[in-house]
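Pasted below: query.cif, mmCIF, C-alpha atoms (C1' of nucleotides).
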data_input
#
loop_
_atom_site.label_atom_id
_atom_site.label_comp_id
_atom_site.auth_asym_id
_atom_site.auth_seq_id
_atom_site.Cartn_x
_atom_site.Cartn_y
_atom_site.Cartn_z
CA MET U 21 0.00 0.00 0.00
CA ALA U 22 2.85 2.35 0.86
CA GLN U 23 4.38 1.24 -2.38
CA LEU U 24 1.22 1.98 -4.27
CA GLN U 25 0.94 5.41 -2.67
CA LYS U 26 4.49 6.25 -3.66
CA SER U 27 3.71 5.33 -7.24
CA ILE U 28 0.66 7.55 -7.23
CA ASP U 29 2.68 10.40 -5.82
CA LYS U 30 5.25 10.07 -8.59
CA LYS U 31 2.63 9.89 -11.29
CA ASN U 32 0.94 12.97 -9.89
CA ALA U 33 4.26 14.81 -9.71
CA ILE U 34 4.78 14.07 -13.39
CA LEU U 35 1.27 15.22 -14.33
CA ASN U 36 1.67 18.36 -12.26
CA ALA U 37 5.02 19.24 -13.76
CA THR U 38 3.53 18.84 -17.21
CA ILE U 39 0.67 21.23 -16.49
CA SER U 40 3.10 23.83 -15.20
CA LEU U 41 5.35 23.64 -18.23
CA VAL U 42 2.53 23.59 -20.78
CA ASN U 43 0.91 26.58 -19.10
CA GLU U 44 4.14 28.55 -19.12
CA GLY U 45 5.28 27.89 -22.65
CA GLY U 46 2.85 25.66 -24.48
CA PHE U 47 3.19 22.07 -25.55
CA GLN U 48 6.59 22.53 -27.13
CA ALA U 49 8.07 23.90 -23.92
CA ALA U 50 7.19 20.74 -22.04
CA SER U 51 10.01 18.39 -22.97
CA MET U 52 10.34 15.06 -21.26
CA ALA U 53 13.66 16.14 -19.75
CA LYS U 54 12.16 19.29 -18.21
CA ILE U 55 9.11 17.42 -16.95
CA ALA U 56 11.40 14.86 -15.33
CA LYS U 57 13.54 17.53 -13.69
CA ILE U 58 10.57 19.41 -12.19
CA ALA U 59 8.94 16.18 -11.05
CA ASN U 60 12.24 15.10 -9.43
CA VAL U 61 12.35 11.96 -11.47
CA SER U 62 14.46 10.39 -14.15
CA PRO U 63 13.24 10.79 -17.74
CA ALA U 64 13.16 7.02 -17.96
CA THR U 65 10.76 6.84 -15.03
CA ILE U 66 8.11 8.73 -16.96
CA TYR U 67 7.98 5.78 -19.33
CA LEU U 68 7.07 3.47 -16.47
CA TYR U 69 3.82 5.39 -16.09
CA PHE U 70 3.10 6.52 -19.64
CA LYS U 71 3.57 4.83 -22.99
CA ASN U 72 4.97 7.98 -24.55
CA LYS U 73 4.58 11.74 -24.53
CA GLN U 74 1.27 11.74 -26.38
CA ASP U 75 -0.12 9.22 -23.90
CA LEU U 76 1.03 11.46 -21.06
CA ILE U 77 -0.79 14.43 -22.57
CA ASN U 78 -3.93 12.43 -23.26
CA GLN U 79 -4.06 11.00 -19.75
CA LEU U 80 -3.40 14.43 -18.27
CA TYR U 81 -6.23 15.90 -20.31
CA LEU U 82 -8.74 13.26 -19.30
CA ASN U 83 -7.60 13.41 -15.70
CA THR U 84 -8.04 17.16 -15.54
CA LYS U 85 -11.34 17.07 -17.38
CA GLN U 86 -12.60 14.56 -14.85
CA GLN U 87 -11.63 16.86 -11.99
CA PHE U 88 -13.49 19.61 -13.81
CA CYS U 89 -16.63 17.58 -14.34
CA SER U 90 -16.74 16.19 -10.83
CA ILE U 91 -16.91 19.77 -9.58
CA ALA U 92 -19.29 20.89 -12.32
CA PHE U 93 -22.10 18.71 -11.04
CA ASN U 94 -21.59 19.34 -7.35
CA ASN U 95 -24.92 19.73 -5.54
CA TYR U 96 -26.70 19.23 -8.84
CA ASP U 97 -29.90 17.24 -8.88
CA PRO U 98 -31.64 16.44 -12.17
CA LEU U 99 -34.96 16.93 -10.40
CA LEU U 100 -34.36 20.63 -9.82
CA PRO U 101 -36.19 23.19 -11.97
CA THR U 102 -34.34 23.89 -15.21
CA LYS U 103 -33.10 27.37 -14.46
CA LYS U 104 -32.06 26.49 -10.92
CA GLY U 105 -30.21 23.40 -12.10
CA PHE U 106 -28.47 25.38 -14.81
CA GLU U 107 -27.53 28.07 -12.32
CA ILE U 108 -25.89 25.55 -9.99
CA ILE U 109 -23.90 23.92 -12.77
CA TRP U 110 -22.91 27.27 -14.27
CA TYR U 111 -21.60 28.64 -10.99
CA ASN U 112 -19.76 25.39 -10.30
CA ILE U 113 -18.05 25.62 -13.66
CA ALA U 114 -17.30 29.30 -13.25
CA SER U 115 -15.72 28.82 -9.86
CA PHE U 116 -13.62 25.96 -11.16
CA LYS U 117 -12.47 27.92 -14.19
CA LEU U 118 -11.72 31.07 -12.24
CA ASN U 119 -10.26 29.51 -9.10
CA GLU U 120 -8.45 26.48 -10.47
CA SER U 121 -6.84 28.50 -13.22
CA ARG U 122 -3.86 26.16 -13.56
CA GLU U 123 -6.15 23.32 -14.57
CA SER U 124 -8.48 25.55 -16.55
CA TYR U 125 -5.79 27.18 -18.62
CA PHE U 126 -4.39 23.79 -19.48
CA LEU U 127 -7.82 22.55 -20.56
CA SER U 128 -8.38 25.68 -22.60
CA GLN U 129 -5.13 25.07 -24.46
CA CYS U 130 -6.12 21.48 -25.12
CA ASP U 131 -9.54 22.47 -26.43
CA ASN U 132 -8.13 25.02 -28.88
CA THR U 133 -5.11 23.21 -30.28
CA PRO U 134 -4.30 19.83 -31.82
CA MET U 135 -2.45 18.78 -28.66
CA VAL U 136 -4.85 16.00 -27.70
CA ASP U 137 -6.10 13.07 -29.79
CA ALA U 138 -9.53 13.58 -31.35
CA GLU U 139 -10.68 10.41 -29.62
CA THR U 140 -9.53 11.61 -26.21
CA LEU U 141 -11.21 14.99 -26.78
CA GLN U 142 -14.46 13.18 -27.50
CA GLN U 143 -14.20 11.21 -24.25
CA GLY U 144 -13.80 14.50 -22.39
CA ILE U 145 -16.89 16.00 -23.95
CA GLU U 146 -19.04 13.04 -23.02
CA LEU U 147 -18.40 13.73 -19.34
CA LEU U 148 -20.68 16.76 -19.59
CA GLU U 149 -23.70 14.61 -20.39
CA PRO U 150 -25.84 15.72 -17.40
CA LEU U 151 -25.67 19.30 -18.69
CA THR U 152 -26.77 18.34 -22.19
CA GLU U 153 -29.60 16.34 -20.65
CA LEU U 154 -30.70 19.40 -18.69
CA TRP U 155 -30.67 21.51 -21.84
CA LYS U 156 -32.71 18.90 -23.68
CA ARG U 157 -35.32 19.05 -20.94
CA GLY U 158 -35.28 22.85 -20.91
CA LYS U 159 -36.10 22.88 -24.60
CA GLU U 160 -39.01 20.49 -24.11
CA GLU U 161 -40.34 22.75 -21.37
CA ASN U 162 -40.03 25.81 -23.64
CA VAL U 163 -37.74 27.44 -21.11
CA ILE U 164 -34.65 27.28 -23.31
CA LYS U 165 -34.38 28.27 -26.96
CA PRO U 166 -34.68 25.41 -29.47
CA ILE U 167 -31.11 25.77 -30.70
CA SER U 168 -28.27 23.26 -31.06
CA LEU U 169 -26.19 22.05 -28.12
CA TYR U 170 -23.19 23.67 -29.78
CA LEU U 171 -24.83 27.08 -29.55
CA LEU U 172 -25.94 26.55 -25.97
CA TYR U 173 -22.40 25.60 -24.99
CA ALA U 174 -20.82 28.38 -27.03
CA TYR U 175 -22.87 31.08 -25.30
CA THR U 176 -22.95 29.85 -21.73
CA ILE U 177 -19.86 27.78 -20.90
CA TYR U 178 -17.24 28.70 -23.47
CA PRO U 179 -17.23 32.42 -22.55
CA ILE U 180 -16.04 31.55 -19.06
CA ALA U 181 -12.78 30.31 -20.56
CA PHE U 182 -12.25 33.76 -22.04
CA LEU U 183 -12.76 35.39 -18.67
CA MET U 184 -10.28 32.96 -17.16
CA ASN U 185 -7.76 33.86 -19.86
CA ILE U 186 -8.16 37.55 -19.10
CA GLN U 187 -7.81 36.92 -15.39
CA LYS U 188 -4.61 34.98 -15.95
CA ARG U 189 -3.16 37.40 -18.46
CA GLU U 190 -4.02 40.70 -16.83
CA GLY U 191 -4.47 39.80 -13.19
CA HIS U 192 -7.96 41.27 -13.51
CA VAL U 193 -10.02 39.49 -10.84
CA PHE U 194 -13.74 38.98 -11.30
CA ASN U 195 -15.76 39.71 -8.18
CA LYS U 196 -19.16 38.43 -7.18
CA ASN U 197 -20.94 41.17 -9.10
CA CYS U 198 -19.02 40.47 -12.31
CA LEU U 199 -19.88 36.81 -11.91
CA LYS U 200 -23.55 37.69 -11.54
CA ASN U 201 -23.36 39.77 -14.73
CA ALA U 202 -21.70 36.87 -16.50
CA PHE U 203 -24.37 34.43 -15.38
CA ASP U 204 -27.15 36.80 -16.47
CA ALA U 205 -25.53 37.20 -19.87
CA ALA U 206 -25.31 33.43 -20.20
CA TRP U 207 -28.92 32.89 -19.20
CA ASP U 208 -30.25 35.76 -21.29
CA SER U 209 -28.56 34.34 -24.37
CA ILE U 210 -30.36 30.99 -24.18
CA LYS U 211 -33.63 31.56 -22.30
CA LEU U 212 -36.86 31.80 -24.23
CA ALA U 213 -38.03 35.43 -24.21
CA THR U 214 -41.45 34.63 -22.75
CA ASN U 215 -39.96 33.43 -19.47
CA MET F 22 9.30 45.95 -59.08
CA ALA F 23 9.35 42.42 -60.42
CA GLN F 24 12.00 41.74 -57.83
CA LEU F 25 9.88 43.23 -55.09
CA GLN F 26 6.88 41.13 -56.12
CA LYS F 27 8.97 37.99 -56.02
CA SER F 28 10.05 38.78 -52.48
CA ILE F 29 6.47 39.32 -51.40
CA ASP F 30 5.49 36.02 -52.95
CA LYS F 31 8.22 34.20 -51.03
CA LYS F 32 7.32 35.85 -47.77
CA ASN F 33 3.67 34.95 -48.29
CA ALA F 34 4.59 31.38 -49.13
CA ILE F 35 6.47 31.14 -45.83
CA LEU F 36 3.57 32.64 -43.87
CA ASN F 37 1.12 30.34 -45.57
CA ALA F 38 3.16 27.24 -44.94
CA THR F 39 3.39 28.20 -41.28
CA ILE F 40 -0.37 28.54 -40.92
CA SER F 41 -0.90 25.14 -42.49
CA LEU F 42 1.58 23.39 -40.23
CA VAL F 43 0.42 25.11 -37.04
CA ASN F 44 -3.19 24.26 -37.86
CA GLU F 45 -2.35 20.62 -38.47
CA GLY F 46 -0.17 19.94 -35.47
CA GLY F 47 0.24 23.01 -33.33
CA PHE F 48 3.24 25.23 -32.85
CA GLN F 49 5.63 22.39 -32.18
CA ALA F 50 4.79 20.72 -35.49
CA ALA F 51 5.85 23.80 -37.43
CA SER F 52 9.61 23.42 -37.57
CA MET F 53 11.67 25.77 -39.68
CA ALA F 54 12.75 22.84 -41.86
CA LYS F 55 9.15 21.80 -42.57
CA ILE F 56 8.04 25.37 -43.19
CA ALA F 57 10.89 25.78 -45.66
CA LYS F 58 10.06 22.58 -47.49
CA ILE F 59 6.36 23.45 -47.90
CA ALA F 60 7.17 27.01 -48.95
CA ASN F 61 9.68 25.66 -51.51
CA VAL F 62 12.49 27.62 -50.00
CA SER F 63 15.73 27.00 -48.17
CA PRO F 64 15.59 27.15 -44.36
CA ALA F 65 18.17 29.91 -44.54
CA THR F 66 15.90 32.02 -46.72
CA ILE F 67 13.35 32.30 -43.92
CA TYR F 68 15.93 34.25 -41.96
CA LEU F 69 16.14 36.85 -44.72
CA TYR F 70 12.54 37.77 -44.00
CA PHE F 71 12.25 37.06 -40.27
CA LYS F 72 14.66 37.58 -37.41
CA ASN F 73 13.87 34.19 -35.91
CA LYS F 74 11.02 31.76 -35.40
CA GLN F 75 9.30 33.86 -32.74
CA ASP F 76 9.41 36.89 -35.02
CA LEU F 77 7.85 34.79 -37.79
CA ILE F 78 5.01 33.76 -35.50
CA ASN F 79 4.47 37.29 -34.22
CA GLN F 80 4.38 38.77 -37.71
CA LEU F 81 2.07 36.03 -38.89
CA TYR F 82 -0.28 36.71 -36.00
CA LEU F 83 -0.42 40.45 -36.60
CA ASN F 84 -0.76 39.95 -40.32
CA THR F 85 -3.68 37.58 -39.91
CA LYS F 86 -5.32 39.72 -37.24
CA GLN F 87 -5.16 42.67 -39.60
CA GLN F 88 -6.88 40.66 -42.32
CA PHE F 89 -9.51 39.77 -39.75
CA CYS F 90 -10.07 43.34 -38.62
CA SER F 91 -10.16 44.79 -42.10
CA ILE F 92 -13.10 42.50 -42.81
CA ALA F 93 -14.69 43.02 -39.41
CA PHE F 94 -15.45 46.67 -40.10
CA ASN F 95 -16.55 46.28 -43.69
CA ASN F 96 -19.56 48.51 -44.44
CA TYR F 97 -19.52 49.70 -40.85
CA ASP F 98 -20.26 53.33 -40.15
CA PRO F 99 -19.97 54.73 -36.61
CA LEU F 100 -23.02 56.87 -37.33
CA LEU F 101 -25.33 53.86 -37.63
CA PRO F 102 -27.71 53.04 -34.76
CA THR F 103 -26.05 50.89 -32.11
CA LYS F 104 -27.83 47.62 -32.77
CA LYS F 105 -27.51 47.94 -36.54
CA GLY F 106 -23.81 48.76 -36.26
CA PHE F 107 -23.26 45.83 -33.95
CA GLU F 108 -25.16 43.54 -36.29
CA ILE F 109 -22.98 44.49 -39.24
CA ILE F 110 -19.76 43.97 -37.33
CA TRP F 111 -20.97 40.72 -35.81
CA TYR F 112 -21.95 39.21 -39.15
CA ASN F 113 -18.66 40.35 -40.68
CA ILE F 114 -16.74 38.63 -37.93
CA ALA F 115 -18.89 35.52 -38.09
CA SER F 116 -18.44 35.16 -41.83
CA PHE F 117 -14.69 35.61 -41.50
CA LYS F 118 -14.43 33.07 -38.70
CA LEU F 119 -16.62 30.52 -40.41
CA ASN F 120 -15.46 30.99 -44.00
CA GLU F 121 -11.77 31.76 -43.54
CA SER F 122 -11.32 28.90 -41.14
CA ARG F 123 -7.63 28.48 -41.90
CA GLU F 124 -6.91 31.96 -40.64
CA SER F 125 -9.46 31.75 -37.82
CA TYR F 126 -8.20 28.51 -36.41
CA PHE F 127 -4.69 29.88 -36.37
CA LEU F 128 -5.84 33.02 -34.53
CA SER F 129 -7.79 30.92 -32.07
CA GLN F 130 -4.68 28.92 -31.26
CA CYS F 131 -2.69 32.11 -30.78
CA ASP F 132 -5.30 33.59 -28.47
CA ASN F 133 -5.42 30.52 -26.23
CA THR F 134 -1.75 29.56 -25.92
CA PRO F 135 1.54 31.24 -25.08
CA MET F 136 2.59 31.11 -28.73
CA VAL F 137 2.62 34.85 -29.30
CA ASP F 138 4.38 37.59 -27.30
CA ALA F 139 2.17 39.42 -24.82
CA GLU F 140 3.07 42.67 -26.53
CA THR F 141 2.09 41.40 -29.96
CA LEU F 142 -1.20 40.08 -28.57
CA GLN F 143 -1.96 43.53 -27.19
CA GLN F 144 -1.33 45.11 -30.59
CA GLY F 145 -3.82 42.69 -32.10
CA ILE F 146 -6.50 43.55 -29.57
CA GLU F 147 -6.17 47.27 -30.20
CA LEU F 148 -7.23 46.76 -33.80
CA LEU F 149 -10.78 46.13 -32.58
CA GLU F 150 -11.10 49.64 -31.20
CA PRO F 151 -14.13 50.67 -33.32
CA LEU F 152 -16.11 47.83 -31.73
CA THR F 153 -15.22 48.87 -28.20
CA GLU F 154 -16.17 52.43 -29.10
CA LEU F 155 -19.55 51.22 -30.31
CA TRP F 156 -20.12 49.32 -27.08
CA LYS F 157 -19.18 52.38 -25.06
CA ARG F 158 -21.79 54.39 -26.93
CA GLY F 159 -24.38 51.64 -26.53
CA LYS F 160 -23.93 51.77 -22.78
CA GLU F 161 -24.36 55.53 -22.71
CA GLU F 162 -27.56 55.13 -24.70
CA ASN F 163 -28.84 52.48 -22.27
CA VAL F 164 -29.12 50.02 -25.14
CA ILE F 165 -26.33 47.75 -23.92
CA LYS F 166 -25.83 46.44 -20.40
CA PRO F 167 -23.37 48.39 -18.25
CA ILE F 168 -20.86 45.53 -18.03
CA SER F 169 -17.14 45.34 -18.77
CA LEU F 170 -15.73 45.12 -22.28
CA TYR F 171 -14.37 41.71 -21.34
CA LEU F 172 -17.87 40.42 -20.72
CA LEU F 173 -19.25 41.98 -23.88
CA TYR F 174 -16.50 40.33 -25.91
CA ALA F 175 -16.79 37.02 -24.08
CA TYR F 176 -20.49 36.69 -24.87
CA THR F 177 -20.70 38.03 -28.40
CA ILE F 178 -17.43 37.50 -30.28
CA TYR F 179 -15.58 34.74 -28.43
CA PRO F 180 -18.39 32.18 -28.89
CA ILE F 181 -17.97 32.38 -32.66
CA ALA F 182 -14.51 30.85 -32.25
CA PHE F 183 -16.11 27.83 -30.61
CA LEU F 184 -18.50 27.41 -33.50
CA MET F 185 -15.58 27.62 -35.91
CA ASN F 186 -13.76 24.93 -33.93
CA ILE F 187 -16.77 22.66 -34.12
CA GLN F 188 -17.13 23.28 -37.82
CA LYS F 189 -13.49 22.42 -38.39
CA ARG F 190 -13.48 19.40 -36.12
CA GLU F 191 -16.78 17.81 -37.07
CA GLY F 192 -17.47 19.17 -40.51
CA HIS F 193 -20.76 20.48 -39.07
CA VAL F 194 -21.65 23.47 -41.26
CA PHE F 195 -23.70 26.33 -39.85
CA ASN F 196 -26.40 27.55 -42.18
CA LYS F 197 -28.11 30.93 -42.34
CA ASN F 198 -30.63 29.96 -39.69
CA CYS F 199 -27.97 28.78 -37.23
CA LEU F 200 -26.14 32.04 -37.80
CA LYS F 201 -29.30 33.98 -37.03
CA ASN F 202 -29.73 32.00 -33.81
CA ALA F 203 -26.13 32.74 -32.91
CA PHE F 204 -26.56 36.44 -33.52
CA ASP F 205 -29.75 36.54 -31.45
CA ALA F 206 -27.99 34.76 -28.59
CA ALA F 207 -25.16 37.28 -28.77
CA TRP F 208 -27.48 40.25 -28.79
CA ASP F 209 -29.78 38.86 -26.11
CA SER F 210 -26.82 38.39 -23.80
CA ILE F 211 -25.77 42.04 -23.86
CA LYS F 212 -28.89 44.08 -24.67
CA LEU F 213 -30.68 45.92 -21.90
CA ALA F 214 -33.95 44.13 -21.17
CA THR F 215 -36.12 47.20 -21.68
CA ASN F 216 -35.21 47.42 -25.35
"C1'" DT L 30 17.38 -13.01 -2.35
"C1'" DA L 31 14.31 -12.40 -6.09
"C1'" DA L 32 11.65 -8.98 -8.28
"C1'" DA L 33 10.13 -4.49 -9.01
"C1'" DA L 34 11.17 0.38 -9.52
"C1'" DA L 35 14.12 3.94 -10.66
"C1'" DA L 36 18.23 6.04 -12.34
"C1'" DG L 37 21.66 7.91 -15.48
"C1'" DA L 38 23.97 7.54 -19.54
"C1'" DA L 39 23.52 6.87 -24.32
"C1'" DT L 40 20.87 6.68 -28.78
"C1'" DG L 41 19.85 8.66 -33.40
"C1'" DA L 42 16.88 12.05 -35.08
"C1'" DA L 43 15.31 16.67 -35.33
"C1'" DC L 44 15.64 21.23 -33.72
"C1'" DG L 45 16.76 26.54 -34.68
"C1'" DT L 46 20.23 28.98 -36.57
"C1'" DT L 47 24.50 30.27 -39.15
"C1'" DC L 48 27.89 30.29 -42.71
"C1'" DA L 49 30.40 29.92 -46.94
"C1'" DG L 50 29.55 29.56 -51.47
"C1'" DT L 51 26.48 29.97 -55.72
"C1'" DT L 52 23.04 32.01 -58.56
"C1'" DT L 53 20.40 35.91 -59.91
"C1'" DT L 54 19.64 40.68 -60.47
"C1'" DT L 55 21.12 45.38 -60.86
"C1'" DT L 56 24.30 48.75 -62.20
"C1'" DG L 57 27.69 51.19 -64.90
"C1'" DT L 58 30.46 51.42 -69.04
"C1'" DT L 59 30.96 51.06 -73.68
"C1'" DA C 26 22.74 46.37 -77.06
"C1'" DA C 27 26.34 43.89 -74.91
"C1'" DC C 28 28.91 42.84 -71.14
"C1'" DA C 29 31.71 42.88 -67.05
"C1'" DA C 30 31.55 44.24 -62.07
"C1'" DA C 31 29.10 44.92 -57.92
"C1'" DA C 32 25.29 43.92 -55.09
"C1'" DA C 33 21.54 41.28 -53.61
"C1'" DA C 34 19.08 37.07 -53.06
"C1'" DC C 35 19.32 32.51 -52.16
"C1'" DT C 36 21.03 27.95 -51.08
"C1'" DG C 37 22.59 23.29 -48.97
"C1'" DA C 38 25.41 21.75 -45.71
"C1'" DA C 39 26.93 22.09 -41.13
"C1'" DC C 40 26.77 23.88 -36.28
"C1'" DG C 41 25.90 22.80 -31.44
"C1'" DT C 42 21.88 21.72 -28.76
"C1'" DT C 43 17.97 19.48 -27.39
"C1'" DC C 44 14.52 16.19 -28.39
"C1'" DA C 45 11.85 11.59 -27.24
"C1'" DT C 46 13.01 7.23 -26.21
"C1'" DT C 47 15.79 3.05 -24.82
"C1'" DC C 48 19.34 0.36 -22.56
"C1'" DT C 49 22.10 -1.12 -18.78
"C1'" DT C 50 22.94 -0.74 -14.16
"C1'" DT C 51 21.80 0.37 -9.45
"C1'" DT C 52 18.65 0.91 -5.67
"C1'" DT C 53 14.58 -0.18 -3.18
"C1'" DT C 54 11.06 -3.20 -1.70
"C1'" DA C 55 8.86 -7.55 -0.33
#

Do you think you could lay out the structure here as structure tokens?
Amino acid sequence: MAQLQKSIDKKNAILNATISLVNEGGFQAASMAKIAKIANVSPATIYLYFKNKQDLINQLYLNTKQQFCSIAFNNYDPLLPTKKGFEIIWYNIASFKLNESRESYFLSQCDNTPMVDAETLQQGIELLEPLTELWKRGKEENVIKPISLYLLYAYTIYPIAFLMNIQKREGHVFNKNCLKNAFDAAWDSIKLATN
Amino acid sequence: MAQLQKSIDKKNAILNATISLVNEGGFQAASMAKIAKIANVSPATIYLYFKNKQDLINQLYLNTKQQFCSIAFNNYDPLLPTKKGFEIIWYNIASFKLNESRESYFLSQCDNTPMVDAETLQQGIELLEPLTELWKRGKEENVIKPISLYLLYAYTIYPIAFLMNIQKREGHVFNKNCLKNAFDAAWDSIKLATN
DNA sequence: TAAAAAAGAATGAACGTTCAGTTTTTTGTT
DNA sequence: AACAAAAAACTGAACGTTCATTCTTTTTTA
């Protein structure tokens, strides 16, 4: 068990070092040698845990996306009213993206570059299924506009990544009021006007 | 003159090759040797036009951003009513992002990674000044919500990049109706409710 | 003491960049 | 209009470095 724990620690050190390096200088700045040095490990050791560099990146992406999604659906109950359920998920996602900016910035890079396998990207997307289910229901109830899931995501979740980028780049911190404005903008963009 | 034209052609070939390679495999897939081969040029020749690789990337970014902005403000007149002016700019940007996907995808990568210098990024942002001016006016007229420029951008322009990504990744083409839905979502997110 | 885990050195390939030499273009002279 | 001389543009090969990965040896664990 102690042995197992040690292994997990090493693997996590490697994953952590990779996030740091990718965030600082992009994929090409994260060489296996640098990752090993920061993780206090021999380059060869990385290959005990990962098949190769691409596998390391893929695993790191899925790992981080899972962290993200486990927080996204905190306190969420599919039985809640549509708007309330959406509000809970949205604020969960916003607080993850704005507070866990290390993880968020890494995910944002993955989602906007060819760093990660197409297949692995797809697996990451599927983790958001409860949100797409909620949207589906909202449309049936005529609470949410009858537009594609892509549009719903583009106008409610994706913008948060931009805010996170700004926060990281300019040190501009978003307070509670800004967050409220952001949520209202998100909801206004997808709600049906009659509600 | 013929000489000058030839130089421009070579420089453009280099810039074009770089976009292609970055789009296919990210920054780290665009080595100087590969760029040279695709541009039908010697690696050494690249250094006649660019100081180094970073300078090539920076110039390419600014170049492409300028293309983008010159289209963004097509047919736009600051004297137009706020919503109409916004509509024109928004559709210009959308058609650039969705039709010129080569250029758009490259810009999207630049905006979400540490590929480009912070200074060069800033220069690119400043090119959108007419849009920020329009928003400022819209707020004064109580037509647009009194929220930060970051939020306005995050909820109207940034989402288009997501749609472009989807289109590129899944071949899912957005028709006129989808575009209308996207514009409505953008406008709904920032308009003041009373209007 | 056997096996599992980790290390460091070594591998060839690829990297960004430079340099010495060649080709192409321009210029000046007839 | 022809042609050498000077300048500019361009090249392939080579530089030292770093890359991802592997191999052999040592250390740690059970």

Excluding region 86-93 of chain U and its own-chain neighbours fewer than 6 positions away, which residues fall within 9 Å of it when counting all atoms listed in the file? Please give them as a compact mmCIF listing (two decimals) with C-alpha atoms, in the coordinates of the input.
# COMPACT_ATOMS: atom_id res chain seq x y z
CA ILE U 108 -25.89 25.55 -9.99
CA ILE U 109 -23.90 23.92 -12.77
CA TRP U 110 -22.91 27.27 -14.27
CA TYR U 111 -21.60 28.64 -10.99
CA ASN U 112 -19.76 25.39 -10.30
CA ILE U 113 -18.05 25.62 -13.66
CA ALA U 114 -17.30 29.30 -13.25
CA PHE U 116 -13.62 25.96 -11.16
CA LYS U 117 -12.47 27.92 -14.19
CA GLU U 123 -6.15 23.32 -14.57
CA SER U 124 -8.48 25.55 -16.55
CA GLY U 144 -13.80 14.50 -22.39
CA LEU U 147 -18.40 13.73 -19.34
CA LEU U 148 -20.68 16.76 -19.59
CA PRO U 150 -25.84 15.72 -17.40
CA LEU U 151 -25.67 19.30 -18.69

If we count all atoms listed in the file, which residues of chain U reach to within 8 Å of chain F? Please list them as a ChimeraX atom specification. /U:43-48,128-129,132-135,167,170-171,174-176,178-180,182-183,185-186,198,201-202,204-210

Name every residue that the PyMOL selection byres ((chain F) within 9 of (chain C)) selects in this structure, writing the answer as a list in words with chains first and numbers rising. Val62, Ser63, Pro64, Ala65, Thr66 and Leu69 of chain F

Please build the interface table for chain L against chain F with a cut-off of 9 Å, listing for each qualifying residue the nearest atom pair and the distance in Å to one decimal; count all atoms listed in the file, order rows by chain and increasing number, and write it as a tab-separated table.
residue	atom	partner	partner_atom	distance
L:DC44	C1'	F:Ser52	CA	7.5
L:DG45	C1'	F:Met53	CA	7.2
L:DT46	C1'	F:Asn73	CA	8.2
L:DT47	C1'	F:Ala65	CA	8.3
L:DT54	C1'	F:Gln24	CA	8.2

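Of note, CA of Thr153 (chain F) and CA of Leu212 (chain U) are spaced 27.8 Å apart.
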
Restricting the calculation to only C-alpha atoms, which member of U:Thr102, U:Asn32, U:Asn95, U:Asn119 is positioned closest to Leu76 (chain U)? U:Asn32

Just how far from CA of Ile146 (chain F) is CA of Asn95 (chain F), in Å to one decimal? 17.5 Å

Report, in Å to a single decimal, how far apart CA of Lys105 (chain F) and CA of Lys157 (chain F) are.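 It comes out at 14.9 Å.
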
Find the residues around Leu80 (chain U) up to 9 Å (all atoms listed in the file counted), leave out those fewer than 6 positions away in its own chain, and share them as a ChimeraX atom specification. /U:35-36,38-39

Kindly output region 198-207 of chain F as a PDB file, in the frame of the given file, after building N, CA and C atoms.
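Contents of part11.pdb, freshly written:
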ATOM      1  N   ASN F 198     -29.745  29.973 -40.859  1.00  0.00           N
ATOM      2  CA  ASN F 198     -30.630  29.960 -39.690  1.00  0.00           C
ATOM      3  C   ASN F 198     -29.837  29.822 -38.382  1.00  0.00           C
ATOM      4  N   CYS F 199     -28.847  28.925 -38.399  1.00  0.00           N
ATOM      5  CA  CYS F 199     -27.970  28.780 -37.230  1.00  0.00           C
ATOM      6  C   CYS F 199     -27.288  30.108 -36.924  1.00  0.00           C
ATOM      7  N   LEU F 200     -26.848  30.771 -37.976  1.00  0.00           N
ATOM      8  CA  LEU F 200     -26.140  32.040 -37.800  1.00  0.00           C
ATOM      9  C   LEU F 200     -27.059  33.068 -37.163  1.00  0.00           C
ATOM     10  N   LYS F 201     -28.314  33.056 -37.615  1.00  0.00           N
ATOM     11  CA  LYS F 201     -29.300  33.980 -37.030  1.00  0.00           C
ATOM     12  C   LYS F 201     -29.494  33.672 -35.542  1.00  0.00           C
ATOM     13  N   ASN F 202     -29.612  32.393 -35.216  1.00  0.00           N
ATOM     14  CA  ASN F 202     -29.730  32.000 -33.810  1.00  0.00           C
ATOM     15  C   ASN F 202     -28.525  32.465 -33.003  1.00  0.00           C
ATOM     16  N   ALA F 203     -27.348  32.333 -33.604  1.00  0.00           N
ATOM     17  CA  ALA F 203     -26.130  32.740 -32.910  1.00  0.00           C
ATOM     18  C   ALA F 203     -26.131  34.251 -32.678  1.00  0.00           C
ATOM     19  N   PHE F 204     -26.524  34.986 -33.703  1.00  0.00           N
ATOM     20  CA  PHE F 204     -26.560  36.440 -33.520  1.00  0.00           C
ATOM     21  C   PHE F 204     -27.564  36.823 -32.430  1.00  0.00           C
ATOM     22  N   ASP F 205     -28.737  36.219 -32.464  1.00  0.00           N
ATOM     23  CA  ASP F 205     -29.750  36.540 -31.450  1.00  0.00           C
ATOM     24  C   ASP F 205     -29.236  36.242 -30.041  1.00  0.00           C
ATOM     25  N   ALA F 206     -28.548  35.103 -29.907  1.00  0.00           N
ATOM     26  CA  ALA F 206     -27.990  34.760 -28.590  1.00  0.00           C
ATOM     27  C   ALA F 206     -26.996  35.822 -28.150  1.00  0.00           C
ATOM     28  N   ALA F 207     -26.157  36.255 -29.088  1.00  0.00           N
ATOM     29  CA  ALA F 207     -25.160  37.280 -28.770  1.00  0.00           C
ATOM     30  C   ALA F 207     -25.842  38.566 -28.323  1.00  0.00           C
TER      31      ALA F 207
END
